[in-house]
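S.K.: Input file: entry_25.cif. Contents: mmCIF, C-alpha atoms.
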```cif
data_data
#
loop_
_atom_site.group_PDB
_atom_site.id
_atom_site.type_symbol
_atom_site.label_atom_id
_atom_site.label_comp_id
_atom_site.auth_asym_id
_atom_site.auth_seq_id
_atom_site.Cartn_x
_atom_site.Cartn_y
_atom_site.Cartn_z
ATOM 1 C CA MET A 690 20.552 -19.514 44.893
ATOM 2 C CA ALA A 691 20.359 -20.987 41.383
ATOM 3 C CA ASP A 692 22.121 -24.126 42.635
ATOM 4 C CA GLU A 693 19.474 -24.579 45.337
ATOM 5 C CA LEU A 694 16.374 -23.958 43.215
ATOM 6 C CA ASP A 695 14.484 -27.060 42.132
ATOM 7 C CA VAL A 696 12.708 -25.647 39.078
ATOM 8 C CA GLU A 697 10.455 -28.667 38.556
ATOM 9 C CA ALA A 698 9.349 -28.596 42.200
ATOM 10 C CA MET A 699 8.582 -24.884 41.887
ATOM 11 C CA ILE A 700 6.485 -25.498 38.771
ATOM 12 C CA ASN A 701 4.650 -28.324 40.550
ATOM 13 C CA ARG A 702 3.821 -25.956 43.422
ATOM 14 C CA PHE A 703 2.232 -23.573 40.914
ATOM 15 C CA ARG A 704 0.171 -26.469 39.498
ATOM 16 C CA GLU A 705 -0.991 -27.258 43.024
ATOM 17 C CA ARG A 706 -1.863 -23.601 43.638
ATOM 18 C CA ALA A 707 -3.895 -23.468 40.429
ATOM 19 C CA GLU A 708 -5.873 -26.520 41.517
ATOM 20 C CA ALA A 709 -6.357 -25.069 45.014
ATOM 21 C CA VAL A 710 -7.796 -21.874 43.517
ATOM 22 C CA ARG A 711 -10.074 -23.880 41.243
ATOM 23 C CA SER A 712 -11.475 -25.893 44.140
ATOM 24 C CA ARG A 713 -11.621 -22.972 46.591
ATOM 25 C CA PRO A 714 -15.130 -22.563 47.994
ATOM 26 C CA LEU A 715 -16.885 -19.270 47.520
ATOM 27 C CA PRO A 716 -17.121 -17.437 50.853
ATOM 28 C CA PRO A 717 -20.466 -16.102 52.003
ATOM 29 C CA VAL A 718 -20.141 -12.703 50.359
ATOM 30 C CA GLY A 719 -22.486 -10.932 48.015
ATOM 31 C CA GLY A 720 -22.717 -8.044 45.642
ATOM 32 C CA GLU A 721 -19.552 -6.231 44.620
ATOM 33 C CA GLU A 722 -17.397 -8.245 47.043
ATOM 34 C CA ARG A 723 -18.553 -11.481 45.416
ATOM 35 C CA THR A 724 -17.744 -10.144 41.952
ATOM 36 C CA LEU A 725 -14.277 -9.045 43.091
ATOM 37 C CA PHE A 726 -13.619 -12.410 44.768
ATOM 38 C CA ILE A 727 -14.604 -14.331 41.634
ATOM 39 C CA ARG A 728 -12.528 -12.079 39.377
ATOM 40 C CA ARG A 729 -9.485 -12.419 41.648
ATOM 41 C CA ALA A 730 -9.890 -16.212 41.748
ATOM 42 C CA GLN A 731 -10.024 -16.338 37.938
ATOM 43 C CA GLU A 732 -6.887 -14.194 37.680
ATOM 44 C CA ASP A 733 -5.084 -16.247 40.333
ATOM 45 C CA PHE A 734 -5.994 -19.485 38.560
ATOM 46 C CA GLN A 735 -4.807 -18.142 35.210
ATOM 47 C CA ASP A 736 -1.507 -16.896 36.617
ATOM 48 C CA PHE A 737 -0.783 -20.089 38.565
ATOM 49 C CA ALA A 738 -1.851 -22.306 35.643
ATOM 50 C CA ILE A 739 0.408 -20.474 33.187
ATOM 51 C CA ILE A 740 3.460 -21.012 35.390
ATOM 52 C CA GLY A 741 2.279 -24.572 36.116
ATOM 53 C CA ASP A 742 2.264 -25.316 32.381
ATOM 54 C CA ALA A 743 5.779 -23.972 31.897
ATOM 55 C CA THR A 744 8.956 -25.864 31.302
ATOM 56 C CA GLY A 745 11.827 -24.410 33.240
ATOM 57 C CA ALA A 746 15.581 -24.338 33.343
ATOM 58 C CA ILE A 747 18.385 -22.339 34.841
ATOM 59 C CA GLU A 748 20.716 -20.996 32.171
ATOM 60 C CA ASP A 749 23.726 -18.840 32.988
ATOM 61 C CA GLY A 750 22.168 -17.950 36.343
ATOM 62 C CA PHE A 751 18.790 -16.991 34.848
ATOM 63 C CA LEU A 752 15.550 -18.798 35.549
ATOM 64 C CA ILE A 753 14.017 -19.456 32.146
ATOM 65 C CA LEU A 754 10.349 -20.385 31.981
ATOM 66 C CA ARG A 755 9.017 -21.360 28.576
ATOM 67 C CA VAL A 756 5.247 -21.225 28.149
ATOM 68 C CA ASP A 757 3.538 -22.278 24.934
ATOM 69 C CA LEU A 758 0.606 -19.881 24.479
ATOM 70 C CA ARG A 759 -0.357 -21.193 21.059
ATOM 71 C CA PRO A 760 -3.829 -22.743 20.789
ATOM 72 C CA PRO A 761 -3.809 -26.538 20.875
ATOM 73 C CA ALA A 762 -3.460 -28.169 17.488
ATOM 74 C CA ASP A 763 -6.617 -29.800 16.151
ATOM 75 C CA SER A 764 -6.373 -33.592 16.120
#
```
Translate this file's structure into C-alpha cells.

M.R.:
Amino acid sequence: MADELDVEAMINRFRERAEAVRSRPLPPVGGEERTLFIRRAQEDFQDFAIIGDATGAIEDGFLILRVDLRPPADS
C-alpha cells in the first residue's frame, strides 16, 4: 500500500476538504441543532486544515505527517 499512496495528493485532498467545510452553507436548522452543526463544522475544518498543512513522507513503511503547530513568527 505504501508504494501506491501519493502522500502529496492525500494532503491536497485534506486542503480541499477544509475549504469545502469553510464554504459549506448553514442548513435551515435552529437552536441546539444549529449549535451542534456549527461546532462540528469548526472541528472538521480544524482537523482537515491541520492535515492539509502537513508535510508528508513514507519512511520504512510508515506514513509520517509533520505539522508545525508553532505560532507564526512575527515579521

S.K.: How would you write, as a PyMOL selection string, the residues chosen by the PyMOL selection byres ((chain A and resi 737) around 9) on this structure?

M.R.: chain A and resi 702-708+710+732-736+738-742

S.K.: If the PyMOL selection byres ((chain A and resi 744-757) around 8) is run on the structure shown, which residues does it catch, given as a tab-separated table (two decimals) with C-alpha atoms, in the coordinates of the input?

M.R.:
```tsv
chain	number	residue	atom	x	y	z
A	691	ALA	CA	20.36	-20.99	41.38
A	696	VAL	CA	12.71	-25.65	39.08
A	697	GLU	CA	10.46	-28.67	38.56
A	700	ILE	CA	6.48	-25.50	38.77
A	739	ILE	CA	0.41	-20.47	33.19
A	740	ILE	CA	3.46	-21.01	35.39
A	742	ASP	CA	2.26	-25.32	32.38
A	743	ALA	CA	5.78	-23.97	31.90
A	758	LEU	CA	0.61	-19.88	24.48
A	759	ARG	CA	-0.36	-21.19	21.06
```

S.K.: Applying 12 Å and all atoms listed in the file, which residues near Ile727 (chain A) remain after dropping the ones on its own chain fewer than 6 positions away? List them as a list in words.

M.R.: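 Residues meeting the cut-off are Val710, Arg711, Arg713, Pro714, Leu715, Pro716, Val718, Gly719, Gly720, Glu721, Asp733 and Phe734 of chain A.
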
S.K.: Report the distance between CA of Leu725 (chain A) and CA of Ala709 (chain A) in Å, rounded to one decimal place.

M.R.: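 Interatomic distance, CA of Leu725 (chain A) to CA of Ala709 (chain A): 18.0 Å.
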
S.K.: When you draw a straight line from CA of Met699 (chain A) to CA of Ser712 (chain A), how long is it in Å?

M.R.: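 Atom-to-atom, CA of Met699 (chain A) and CA of Ser712 (chain A) are spaced 20.2 Å apart.
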
S.K.: Edge lengths and centre, in Å to one decimal, as lines of an AutoDock Vina configuration file: that's what I need for the box along x, y and z that holds all listed atoms of region 725-731 of chain A plus 5 Å on each side.

M.R.:
```
center_x = -12.0
center_y = -12.7
center_z = 41.4
size_x = 15.1
size_y = 17.3
size_z = 16.8
```
